[in-house]
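Scroll down for the structure; my scribbles are underneath it.
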Amino acid sequence: MSSTATRPETTAEPPPEEFRGRSGIAGLLDLPGQAVRAVVRSTTTTPGKLSLIAVALVLLSLVAGLVGVLSVKDKDNTINGLIDHREPLAGAAQQVFRSLSDADATAASAFLSVGTEPPALRKRYEQDIAEAGAALARAASDTTDVGDAAHQVDILNQKIPVYTGIVETARANNRQGFPSGASYLREASQLMRTTILPAADALYKAHTQKLSDEQDSSSDVPWVAVALVVVLLAALVAAQIYLTRRTNRVLNIGLLVATGCIVLSLLWGAVALVVQGSLVATGRTDGTSQVDILVRARIYALQARADETLTLVARGDGGAYEQQFIKLAENLVGADGKGGLLGQARGLASGTTGEQKIEAAEQAAREWSLAHLQVRRLDDGGQYQEAVDFATSVSPNSAAAAFARLDTNLQAAIDVCRQEFLDSTRSGDNALTALAAGVGVLAVLAAGGITVGVRERLREYR
């Protein structure tokens with residue numbers, strides 16, 4: 001008797017509903033739609049919802065971390081740019097103005113000498129012009145998005161050679177004893193004051209405004225990064241509440257770790273940014289703001305010195321220069337000798353290392369005012385040569401000596417304030433040390449905690 005093994009009859013399972021009636025190319029074209037429908041159906045189950053929550057939280061954590069890292073890096077780059085690039089450019093623009101003003105004053109002083117001009121004054125004038133050229137090249141190296149700096153640079157490049165040419169003509173006439181030398185000098189000084197110095201002032205203001213704008217930018221709150229972190233924290237809290245209600249588990253270690261990482265990142269960033277912003281603000285208040293006032297004070301002093309000298313060069317026809325001197329002196333120290341720009345700078349510098357230098361500059365300015373009155377008494381009294389000697393000699397009580405003390409103390413005060421800016425701003429940059437890396441690591445740890453925490457709950461459904 002033989003038996004035949006029978007095989008179980010197999011029948012093909014019917015295709016899912018969405019595949020019925022579709023075959024070939026039509027079925028292939030519908031694959032994306034099928035995938036979407038499958039995902040949507042999965043979200044109606046608890047495991048599907050948990051998976052969707054996990055993916056959303058992980059992506060949000062990584063995006064928040066990436067945005068946070070980029071924000072910190074951008075802020076760090078801005079601060080380093082302030083220290084290494086923007087402030088030196090503003091300093092170069094300031095040097096252009098200062099050197100040109102001093103060149104004008106020095107050229108006028110040289111004309112008070114009988115015969116050949118003193119070699120020291122000639123050397124100082126040439127050095128001023130050379131320093132102005134070098135500083136102008138530095139200030140012109142980056143004029144992108146710096147107001148109308150490029151236009152002012154063009155004016156300076158065109159007019160400075162014209163000025164120096166007129167001064168040389170004035171010298172040549174003066175050496176030969178021609179009275180036209182003084183006329184040429186006044187023409188050169190007029191060009192300096194009406195065209196060159198206004199362009200240098202505009203260049204300085206453009207770079208200073210750019211510096212101020214970047215200081216503002218370095219202290220801005222990265223609102224996008226903060227908003228993402230806050231949304232992530234809210235989502236983590238909501239996810240834990242959902243899990244507690246669905247699983248009756250009070251704690252989820254993975255999500256707690258993720259929440260702790262995000263809270264730590266938020267607190268670390270907040271503290272670092274507050275400290276950084278405070279230090280940058282200190283660098284502005286005790287640094288760049290005072291430098292701006294002191295630079296303008298120094299320029300006023302240099303222009304006043306040129307007016308004092310040109311009044312003598314004009315030999316009785318310098319009333320306009322004397323009026324300008326009086327106006328500039330009042331702008332410098334006020335009508336009472338205790339106000340003006342120096343008084344303002346002293347108020348800002350109260351309790352800082354620059355206060356002593358500013359007080360010394362104020363004292364020198366008052367001494368210069370007294371010496372100037374003596375110069376005018378001698379000149380108005382017919383003692384012209386004595387007035388010239390008192391205005392230009394190196395005697396400790398002379399006008400030249402008092403002005404030199406004023407200029408020296410102003411330069412020292414500017415140097416102190418620039419160093420204060422550098423120290424405070426660099427400390428602000430140090431406050432961000434390791435923050436970018438820390439934010440990135442904490443974001444990755446948070447994503448890992450979310451993955452582990454949700455995976456533990458998903459295992460309970462297998």
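Lettering and numbering for the structure tokens are positional, with chains as A, B, ... in the shown order, residues counted from 1 in each chain, and ligands counted from 1 in the shown order.
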Subject >> Selection near A:Asp389, 9 Å with only C-alpha atoms, sequence-local residues under 4 positions removed, as a list in words >> reply: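 With the cut-off at 9 Å, the set is Leu112, Val375, Tyr384, Gln385, Ser393 and Ser398 of chain A.
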Original post:
Contacts of A:Glu308 at 10 Å or less, counting only C-alpha atoms, minus same-chain residues fewer than 2 places along, as a VMD selection string?
Top reply: chain A and resid 105 108 to 109 302 to 306 310 to 313 318 321 to 326 372 375 to 376 391 399
Surrounding residues of A:His85 excluding itself and chain neighbours under 2 positions, 12 Å, only C-alpha atoms, as a JSON list (two decimals) with N, CA and C atoms, in the first residue's frame:
```
[["chain", "number", "residue", "atom", "x", "y", "z"],
["A", 77, "ASN", "N", 33.53, 85.34, 16.89],
["A", 77, "ASN", "CA", 34.22, 85.95, 15.74],
["A", 77, "ASN", "C", 34.06, 87.47, 15.73],
["A", 78, "THR", "N", 32.87, 87.94, 16.11],
["A", 78, "THR", "CA", 32.63, 89.39, 16.15],
["A", 78, "THR", "C", 33.53, 90.05, 17.18],
["A", 79, "ILE", "N", 33.66, 89.45, 18.35],
["A", 79, "ILE", "CA", 34.50, 90.02, 19.40],
["A", 79, "ILE", "C", 35.97, 90.02, 18.98],
["A", 80, "ASN", "N", 36.42, 88.92, 18.40],
["A", 80, "ASN", "CA", 37.81, 88.88, 17.93],
["A", 80, "ASN", "C", 38.04, 89.91, 16.83],
["A", 81, "GLY", "N", 37.01, 90.12, 15.99],
["A", 81, "GLY", "CA", 37.12, 91.14, 14.96],
["A", 81, "GLY", "C", 37.24, 92.53, 15.54],
["A", 82, "LEU", "N", 36.53, 92.78, 16.64],
["A", 82, "LEU", "CA", 36.64, 94.07, 17.32],
["A", 82, "LEU", "C", 38.07, 94.32, 17.79],
["A", 83, "ILE", "N", 38.66, 93.30, 18.36],
["A", 83, "ILE", "CA", 40.00, 93.44, 18.95],
["A", 83, "ILE", "C", 41.08, 93.53, 17.87],
["A", 87, "GLU", "N", 38.82, 97.90, 15.89],
["A", 87, "GLU", "CA", 39.37, 98.96, 16.73],
["A", 87, "GLU", "C", 40.69, 99.50, 16.18],
["A", 88, "PRO", "N", 41.59, 98.65, 15.68],
["A", 88, "PRO", "CA", 42.80, 99.21, 15.05],
["A", 88, "PRO", "C", 42.50, 100.09, 13.85],
["A", 89, "LEU", "N", 41.47, 99.78, 13.08],
["A", 89, "LEU", "CA", 41.11, 100.64, 11.95],
["A", 89, "LEU", "C", 40.61, 102.00, 12.44],
["A", 90, "ALA", "N", 39.80, 101.99, 13.50],
["A", 90, "ALA", "CA", 39.35, 103.26, 14.07],
["A", 90, "ALA", "C", 40.54, 104.05, 14.61],
["A", 91, "GLY", "N", 41.51, 103.33, 15.22],
["A", 91, "GLY", "CA", 42.71, 103.99, 15.71],
["A", 91, "GLY", "C", 43.54, 104.58, 14.57],
["A", 92, "ALA", "N", 43.59, 103.88, 13.44],
["A", 92, "ALA", "CA", 44.32, 104.40, 12.28],
["A", 92, "ALA", "C", 43.65, 105.66, 11.73],
["A", 138, "ARG", "N", 46.20, 102.21, 6.12],
["A", 138, "ARG", "CA", 45.59, 101.20, 7.01],
["A", 138, "ARG", "C", 44.08, 101.41, 7.13],
["A", 139, "ALA", "N", 43.66, 102.66, 7.31],
["A", 139, "ALA", "CA", 42.22, 102.94, 7.45],
["A", 139, "ALA", "C", 41.48, 102.64, 6.16],
["A", 141, "SER", "N", 42.16, 100.18, 4.15],
["A", 141, "SER", "CA", 42.27, 98.76, 3.81],
["A", 141, "SER", "C", 40.94, 98.02, 3.90],
["A", 142, "ASP", "N", 39.99, 98.57, 4.65],
["A", 142, "ASP", "CA", 38.66, 97.96, 4.74],
["A", 142, "ASP", "C", 37.62, 99.06, 4.89],
["A", 143, "THR", "N", 37.02, 99.43, 3.80],
["A", 143, "THR", "CA", 35.96, 100.45, 3.84],
["A", 143, "THR", "C", 34.61, 99.87, 3.44],
["A", 207, "HIS", "N", 34.50, 105.01, 10.78],
["A", 207, "HIS", "CA", 35.10, 103.83, 11.40],
["A", 207, "HIS", "C", 34.64, 103.69, 12.86],
["A", 210, "LYS", "N", 31.15, 102.23, 12.81],
["A", 210, "LYS", "CA", 31.21, 100.80, 12.51],
["A", 210, "LYS", "C", 31.66, 100.01, 13.73],
["A", 211, "LEU", "N", 32.63, 100.55, 14.45],
["A", 211, "LEU", "CA", 33.08, 99.91, 15.69],
["A", 211, "LEU", "C", 31.93, 99.82, 16.69],
["A", 214, "GLU", "N", 29.40, 97.12, 15.69],
["A", 214, "GLU", "CA", 29.86, 95.76, 15.95],
["A", 214, "GLU", "C", 29.90, 95.47, 17.44],
["A", 422, "LEU", "N", 40.71, 96.98, 25.14],
["A", 422, "LEU", "CA", 41.26, 95.68, 24.77],
["A", 422, "LEU", "C", 41.13, 94.68, 25.91]]
```
Taking a cut-off of 12 Å and counting only C-alpha atoms, can you build a table that, for each residue of stretch 62-144 of chain A near stretch 150-157 of chain A, reports the nearest atom pair and how far apart they are in Å (one decimal), sorted by chain then residue number, as JSON lines?
```
{"residue": "A:Ala93", "atom": "CA", "partner": "A:Val153", "partner_atom": "CA", "distance": 10.0}
{"residue": "A:Val96", "atom": "CA", "partner": "A:Leu156", "partner_atom": "CA", "distance": 9.6}
{"residue": "A:Phe97", "atom": "CA", "partner": "A:Leu156", "partner_atom": "CA", "distance": 10.5}
{"residue": "A:Leu100", "atom": "CA", "partner": "A:Leu156", "partner_atom": "CA", "distance": 10.4}
{"residue": "A:Ile129", "atom": "CA", "partner": "A:Leu156", "partner_atom": "CA", "distance": 11.8}
{"residue": "A:Ala132", "atom": "CA", "partner": "A:Leu156", "partner_atom": "CA", "distance": 9.9}
{"residue": "A:Gly133", "atom": "CA", "partner": "A:Asn157", "partner_atom": "CA", "distance": 8.6}
{"residue": "A:Ala134", "atom": "CA", "partner": "A:Asn157", "partner_atom": "CA", "distance": 11.6}
{"residue": "A:Ala135", "atom": "CA", "partner": "A:Val153", "partner_atom": "CA", "distance": 11.1}
{"residue": "A:Leu136", "atom": "CA", "partner": "A:Val153", "partner_atom": "CA", "distance": 7.4}
{"residue": "A:Ala137", "atom": "CA", "partner": "A:Val153", "partner_atom": "CA", "distance": 8.8}
{"residue": "A:Arg138", "atom": "CA", "partner": "A:Val153", "partner_atom": "CA", "distance": 10.7}
{"residue": "A:Ala139", "atom": "CA", "partner": "A:Val153", "partner_atom": "CA", "distance": 8.4}
{"residue": "A:Ala140", "atom": "CA", "partner": "A:Val153", "partner_atom": "CA", "distance": 6.5}
{"residue": "A:Ser141", "atom": "CA", "partner": "A:Ala150", "partner_atom": "CA", "distance": 9.6}
{"residue": "A:Asp142", "atom": "CA", "partner": "A:Ala150", "partner_atom": "CA", "distance": 8.8}
{"residue": "A:Thr143", "atom": "CA", "partner": "A:Ala150", "partner_atom": "CA", "distance": 5.7}
{"residue": "A:Thr144", "atom": "CA", "partner": "A:Ala150", "partner_atom": "CA", "distance": 8.1}
```
Original post:
So, counting only C-alpha atoms, which residue among A:Ser289, A:Ile166, A:Leu236, A:Ile358 is closest to A:Leu255?
Top reply: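 Between A:Ser289, A:Ile166, A:Leu236, A:Ile358, the residue approaching A:Leu255 most closely is A:Leu236.
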Original post:
Given the choices A:Thr106, A:Ser424, A:Ser51, A:Gln383, which gets closest to A:Gly316 if the distance is worked out from only C-alpha atoms?
Top reply: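 Among the listed residues, the smallest separation from A:Gly316 belongs to A:Gln383.
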**OP:** Excluding A:Ser180 and any residue of its chain fewer than 5 positions from it, enumerate the residues within 8 Å of it, using only C-alpha atoms, and give them as JSON, numbers by chain.
**Re:** {"A": [170, 173, 174]}
**OP:** Select from stretch 103-221 of chain A everything DSSP, run on the backbone, classes as helix (DSSP H, G or I), then give the selection as a ChimeraX atom specification.
**Re:** /A:103-110,119-139,149-175,180-219
Subject >> Length of the atom CA of A:Pro222 to atom CA of A:Cys261 vector [Å] >> reply: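 Separating atom CA of A:Pro222 from atom CA of A:Cys261 is a distance of 19.0 Å.
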Subject >> Å distance separating atom CA of A:Glu330 from atom CA of A:Glu362, one decimal place >> reply: 12.1 Å
**OP:** Please identify all polymer residues within 8 Å of stretch 122-128 of chain A, counting only C-alpha atoms, omitting same-chain residues fewer than 5 positions from it, and present them as a PyMOL selection string.
**Re:** chain A and resi 99-100+102-103+106-107+110+117
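Shortest separation to A:Arg315 among A:Ser183, A:Asn430, A:Ser217, A:Gln290 occurs at residue A:Ser183, atoms counted being only C-alpha atoms.
The shortest atom-to-atom distance to A:Leu273, with only C-alpha atoms taken into account, belongs to A:Ser219 out of A:Thr309, A:Ser219, A:Gln240, A:Ser71.
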Subject >> Who sits within 10 Å of stretch 340-353 of chain A, only C-alpha atoms, same chain under 3 positions skipped, as a ChimeraX atom specification >> reply: /A:285-287,289-298,300,328-337,356-359,361-362,365,410,413,416-417,420
**OP:** Using atom CA of A:Gly438 and atom CA of A:Asp84 as the two end points, give the distance in Å to one decimal.
**Re:** 25.3 Å
Original post:
Using only C-alpha atoms, which of the listed residues (A:Ser101, A:Phe403, A:Thr169, A:Val274) sits closest to A:Ser189?
Top reply: A:Ser101
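In terms of minimum interatomic distance to A:Ile299, A:Ala200 ranks closest within A:Ala200, A:Ala387, A:Val263, A:Ala239, counting only C-alpha atoms.
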Subject >> Shell of 12 Å around A:Leu264, only C-alpha atoms, local chain residues under 2 positions omitted, as an NGL selection string >> reply: :A and (229 or 233 or 257-262 or 266-272 or 435 or 438-439 or 441-443 or 445-446)
